Amino acid sequence: MSAVAELTRELTVRTDDGADLAVTVLAPLAGTTPAGDVVLLHGWAHSRRAWGTVTDRLIRAGHRVVLYDHRGHGASTLGRTPVSPERLAADLAAVLGETGAREAVLVGHSGGGFAALTYAATQPEAARLRGLVLVGTAAHGQDTPDSEVKMMGSGLFSRALSRPGLGRKLLSSTMGKKADPWARELNRQLFAATLPRVRADYFRCTRGWDVRAPLASVRVPAVVLHGDQDKVIDVALAETLADVLPAARFEVVPDTGHMLLLERPLLVVSAVAELSARGR
């Protein structure tokens, strides 16, 4: 058995509405000082694959890492309940319980941040968390226009995404001007691999969603990171999120777009280290 296989465990978490969530648990590298659990939540139309560089650095720093595909994404099934931030928060609770990671640092990118914030705002057990790293996300204002939802569910859009050059061009506004070509291509592949119905349902599901009021009583330490070239979620919404959370630090990242986890993965790792050290 290879060293990678020894460090990796794949499991399926069955939710109360019948969704099967594909979960990966990676142990810290042998010889490292234990640094606590980290749970990674990807954004809409992505999957666990998005966290490759972040995961590698975290296990090398002594963290046990849990990452999973949101329902309908990657290898996870949809289940019977319509998609909503509350449903995804319940999915997260199920993953945390099954993996024993209730005292983890949660790292949520974009829509993964919506799920993490909803969990923090609605679940009493969230008080046990060590920290929140919130990347390119917000606590309100995600009323996706009908035109964009329609595009996300379009077969024509999917066919365009399947063509590498055209797909990268269509998604160019999601990344900063200095993003590496490999990051642009991975972003395209992840979007192209997500079913059109799933993309549309997820981009529609946050209309009217607003957790600012309950977050005001969430005292879990947090780091809010946002690219200064993010054209998907306005930086003002991220700043509001940081203002609402009582124990948050806000950082605007220069020359970076919405896909900060692909563009600046080491900055995400540093934020985890900051919260983990504070927890210890």
# chains A, B, ... in the order shown; residues from 1 in each chain; ligands from 1
>>> closest_atom_pairs(of="range 42-71 of chain A", to="range 239-261 of chain A", cutoff="10 Å", atoms="only C-alpha atoms", output="Markdown table")
| residue | atom | partner | partner_atom | distance |
| --- | --- | --- | --- | --- |
| A:His42 | CA | A:Leu261 | CA | 9.3 |
| A:Gly43 | CA | A:Met259 | CA | 9.2 |
| A:Ala50 | CA | A:Leu261 | CA | 7.6 |
| A:Trp51 | CA | A:Leu261 | CA | 7.3 |
| A:Gly52 | CA | A:Leu261 | CA | 9.7 |
| A:Thr53 | CA | A:Leu261 | CA | 8.8 |
| A:Val54 | CA | A:Leu261 | CA | 7.7 |
>>> closest_atom_pairs(of="range 180-199 of chain A", to="range 143-166 of chain A", cutoff="7 Å", atoms="only C-alpha atoms", output="Markdown table")
| residue | atom | partner | partner_atom | distance |
| --- | --- | --- | --- | --- |
| A:Arg188 | CA | A:Leu161 | CA | 6.5 |
| A:Ala192 | CA | A:Leu161 | CA | 5.3 |
| A:Pro196 | CA | A:Gly153 | CA | 4.2 |
| A:Arg197 | CA | A:Gly153 | CA | 5.3 |
| A:Arg199 | CA | A:Met152 | CA | 5.5 |
>>> write_last_selection(atoms="all heavy atoms", output="short mmCIF file (atom, residue, chain, number, x, y, z; two decimals), in the first residue's frame")
data_model
loop_
_atom_site.label_atom_id
_atom_site.label_comp_id
_atom_site.auth_asym_id
_atom_site.auth_seq_id
_atom_site.Cartn_x
_atom_site.Cartn_y
_atom_site.Cartn_z
N ARG A 188 -12.34 25.80 -15.28
CA ARG A 188 -13.21 25.40 -16.40
C ARG A 188 -13.65 23.95 -16.28
O ARG A 188 -14.82 23.61 -16.46
CB ARG A 188 -12.48 25.60 -17.73
CG ARG A 188 -13.33 25.21 -18.95
CD ARG A 188 -12.47 24.94 -20.17
NE ARG A 188 -11.67 23.73 -20.02
CZ ARG A 188 -12.12 22.50 -20.23
NH1 ARG A 188 -13.38 22.29 -20.58
NH2 ARG A 188 -11.32 21.45 -20.10
N ALA A 192 -17.46 22.62 -16.00
CA ALA A 192 -17.96 21.76 -17.08
C ALA A 192 -18.44 20.42 -16.56
O ALA A 192 -19.35 19.81 -17.14
CB ALA A 192 -16.85 21.55 -18.13
N PRO A 196 -25.90 20.84 -15.56
CA PRO A 196 -26.57 22.14 -15.71
C PRO A 196 -27.68 22.37 -14.69
O PRO A 196 -27.80 23.47 -14.13
CB PRO A 196 -27.14 22.07 -17.14
CG PRO A 196 -26.26 21.11 -17.84
CD PRO A 196 -25.83 20.11 -16.82
N ARG A 197 -28.49 21.35 -14.42
CA ARG A 197 -29.57 21.50 -13.45
C ARG A 197 -29.02 21.85 -12.07
O ARG A 197 -29.58 22.69 -11.35
CB ARG A 197 -30.36 20.20 -13.36
CG ARG A 197 -31.37 20.18 -12.23
CD ARG A 197 -31.87 18.77 -11.94
NE ARG A 197 -32.58 18.71 -10.66
CZ ARG A 197 -32.92 17.58 -10.06
NH1 ARG A 197 -32.63 16.43 -10.62
NH2 ARG A 197 -33.56 17.62 -8.91
N ARG A 199 -26.09 23.35 -11.38
CA ARG A 199 -25.60 24.73 -11.40
C ARG A 199 -26.75 25.71 -11.21
O ARG A 199 -26.68 26.64 -10.41
CB ARG A 199 -24.88 25.02 -12.72
CG ARG A 199 -23.53 24.33 -12.88
CD ARG A 199 -22.71 24.99 -13.99
NE ARG A 199 -23.43 24.99 -15.27
CZ ARG A 199 -23.18 24.15 -16.28
NH1 ARG A 199 -22.23 23.22 -16.15
NH2 ARG A 199 -23.85 24.23 -17.40
#
>>> closest_residue(among="A:Thr12, A:Ser270, A:Thr99, A:Ser76", to="Ala27 in chain A", atoms="only C-alpha atoms")
A:Thr99
>>> select_by_dssp(residues="range 57-213 of chain A", states="strand (DSSP E)", output="JSON, numbers by chain")
{"A": [64, 65, 66, 67, 68, 105, 106, 107, 108, 109, 131, 132, 133, 134, 135]}
>>> select_by_dssp(residues="range 132-279 of chain A", states="alpha helix (DSSP H)", output="PyMOL selection string")
chain A and resi 146-152+155-161+164-170+181-193+196-204+212-215+235-244+260-263+265-279
>>> closest_residue(among="A:Val133, A:Pro265, A:His140, A:Lys231", to="Asp180 in chain A", atoms="only C-alpha atoms")
A:Pro265
>>> residues_around(residues="Val268 in chain A", least_positions_apart="6", cutoff="12 Å", atoms="only C-alpha atoms", output="tab-separated table (two decimals) with C-alpha atoms, in the first residue's frame")
chain	number	residue	atom	x	y	z
A	38	VAL	CA	-9.78	21.41	8.92
A	40	LEU	CA	-13.02	22.36	3.32
A	51	TRP	CA	-8.65	22.10	-2.82
A	53	THR	CA	-2.83	22.60	-3.20
A	54	VAL	CA	-4.51	23.72	0.02
A	55	THR	CA	-5.00	20.11	1.16
A	57	ARG	CA	-0.02	22.06	2.49
A	58	LEU	CA	-2.43	21.46	5.36
A	105	VAL	CA	-11.53	25.14	11.35
A	106	LEU	CA	-14.11	25.45	8.57
A	107	VAL	CA	-12.87	26.87	5.26
A	108	GLY	CA	-15.67	27.91	2.91
A	109	HIS	CA	-15.19	29.33	-0.57
A	132	LEU	CA	-13.89	30.10	10.15
A	133	VAL	CA	-11.90	30.98	7.04
A	134	LEU	CA	-14.31	32.67	4.64
A	135	VAL	CA	-13.01	33.05	1.10
A	136	GLY	CA	-14.76	35.12	-1.56
A	223	VAL	CA	-10.64	35.41	8.78
A	224	VAL	CA	-12.45	36.91	5.78
A	225	LEU	CA	-10.39	36.93	2.57
A	226	HIS	CA	-11.58	38.65	-0.61
A	227	GLY	CA	-9.92	39.34	-3.94
A	251	GLU	CA	-8.20	41.16	4.30
A	253	VAL	CA	-6.11	40.39	-1.48
A	259	MET	CA	-11.32	31.97	-7.29
A	260	LEU	CA	-8.93	32.98	-4.54
A	261	LEU	CA	-8.47	29.37	-3.38
A	262	LEU	CA	-6.95	28.57	-6.81
A	274	GLU	CA	-3.51	31.75	12.20
A	275	LEU	CA	-6.79	30.41	13.60
>>> residues_around(residues="Pro34 in chain A", least_positions_apart="2", cutoff="10 Å", atoms="only C-alpha atoms", output="list in words")
Ala27, Pro28, Leu29, Ala30, Gly31, Thr32, Gly36, Asp37, Ile59, Ala61, Gly62, His63 and Arg64 of chain A
>>> write_last_selection(atoms="all heavy atoms", output="compact mmCIF listing (two decimals), in the first residue's frame")
# COMPACT_ATOMS: atom_id res chain seq x y z
N ALA A 27 -5.20 12.08 6.73
CA ALA A 27 -4.46 12.21 7.98
C ALA A 27 -3.25 13.10 7.77
O ALA A 27 -2.73 13.23 6.66
CB ALA A 27 -4.00 10.83 8.46
N PRO A 28 -2.76 13.75 8.83
CA PRO A 28 -1.54 14.55 8.70
C PRO A 28 -0.36 13.65 8.37
O PRO A 28 -0.36 12.46 8.70
CB PRO A 28 -1.39 15.20 10.07
CG PRO A 28 -2.18 14.34 11.00
CD PRO A 28 -3.31 13.79 10.19
N LEU A 29 0.63 14.21 7.72
CA LEU A 29 1.82 13.43 7.38
C LEU A 29 2.52 12.96 8.65
O LEU A 29 2.55 13.67 9.67
CB LEU A 29 2.78 14.26 6.54
CG LEU A 29 2.38 14.55 5.09
CD1 LEU A 29 3.52 15.23 4.37
CD2 LEU A 29 1.97 13.29 4.35
N ALA A 30 3.07 11.76 8.58
CA ALA A 30 3.78 11.19 9.72
C ALA A 30 4.92 12.10 10.14
O ALA A 30 5.64 12.67 9.31
CB ALA A 30 4.32 9.80 9.36
N GLY A 31 5.08 12.25 11.45
CA GLY A 31 6.17 13.06 11.98
C GLY A 31 5.82 14.51 12.20
O GLY A 31 6.63 15.26 12.76
N THR A 32 4.62 14.94 11.75
CA THR A 32 4.22 16.33 11.96
C THR A 32 3.56 16.50 13.32
O THR A 32 3.02 15.55 13.89
CB THR A 32 3.25 16.80 10.87
OG1 THR A 32 2.11 15.92 10.87
CG2 THR A 32 3.91 16.76 9.50
N GLY A 36 -4.78 19.96 14.50
CA GLY A 36 -6.24 20.08 14.51
C GLY A 36 -6.87 19.80 13.16
O GLY A 36 -6.20 19.70 12.13
N ASP A 37 -8.18 19.65 13.19
CA ASP A 37 -8.95 19.32 11.99
C ASP A 37 -9.27 20.56 11.17
O ASP A 37 -9.50 21.65 11.71
CB ASP A 37 -10.26 18.64 12.36
CG ASP A 37 -10.06 17.26 12.96
OD1 ASP A 37 -8.98 16.67 12.77
OD2 ASP A 37 -11.02 16.76 13.60
N ILE A 59 -1.97 19.06 5.26
CA ILE A 59 -1.54 17.80 5.88
C ILE A 59 -0.06 17.83 6.19
O ILE A 59 0.40 17.21 7.16
CB ILE A 59 -1.90 16.57 5.01
CG1 ILE A 59 -1.20 16.59 3.66
CG2 ILE A 59 -3.41 16.45 4.83
CD1 ILE A 59 -1.37 15.30 2.86
N ALA A 61 1.36 20.40 7.30
CA ALA A 61 1.45 21.24 8.50
C ALA A 61 0.87 20.54 9.73
O ALA A 61 0.77 21.16 10.80
CB ALA A 61 0.74 22.56 8.26
N GLY A 62 0.46 19.29 9.59
CA GLY A 62 -0.02 18.53 10.73
C GLY A 62 -1.52 18.47 10.91
O GLY A 62 -2.02 17.98 11.92
N HIS A 63 -2.28 18.96 9.94
CA HIS A 63 -3.74 18.97 10.04
C HIS A 63 -4.35 17.67 9.50
O HIS A 63 -3.85 17.12 8.51
CB HIS A 63 -4.34 20.13 9.27
CG HIS A 63 -3.98 21.47 9.81
ND1 HIS A 63 -4.58 22.01 10.93
CD2 HIS A 63 -3.05 22.39 9.40
CE1 HIS A 63 -4.07 23.20 11.17
NE2 HIS A 63 -3.14 23.46 10.27
N ARG A 64 -5.40 17.22 10.13
CA ARG A 64 -6.28 16.23 9.51
C ARG A 64 -7.29 17.01 8.69
O ARG A 64 -7.91 17.97 9.18
CB ARG A 64 -7.00 15.38 10.55
CG ARG A 64 -7.82 14.23 9.94
CD ARG A 64 -8.46 13.36 11.02
NE ARG A 64 -9.59 14.04 11.64
CZ ARG A 64 -10.84 13.55 11.64
NH1 ARG A 64 -11.11 12.39 11.05
NH2 ARG A 64 -11.81 14.21 12.25
>>> closest_residue(among="A:Leu171, A:Val39, A:Ala90, A:Ala75", to="Thr122 in chain A", atoms="only C-alpha atoms")
A:Ala90
>>> closest_residue(among="A:Val95, A:Met175, A:Ala222, A:Ala127", to="Leu21 in chain A", atoms="only C-alpha atoms")
A:Val95
>>> atom_distance(atom1="CA of Gly167 in chain A", atom2="CA of Arg48 in chain A")
20.1 Å
>>> atom_distance(atom1="CA of Leu88 in chain A", atom2="CA of Val272 in chain A")
22.0 Å
>>> atom_distance(atom1="CA of Ala126 in chain A", atom2="CA of Asp91 in chain A")
13.5 Å
>>> closest_residue(among="A:Glu185, A:Glu103, A:Asp234, A:Glu125", to="Ala35 in chain A", atoms="only C-alpha atoms")
A:Glu103
>>> residues_around(residues="range 114-119 of chain A", least_positions_apart="2", cutoff="7 Å", atoms="only C-alpha atoms", output="VMD selection string")
chain A and resid 85 to 86 88 to 89 106 108 110 to 112 121 to 123 126 137 to 139 211
>>> closest_residue(among="A:Val198, A:Asp228, A:Glu263, A:Tyr68", to="Trp182 in chain A", atoms="only C-alpha atoms")
A:Glu263
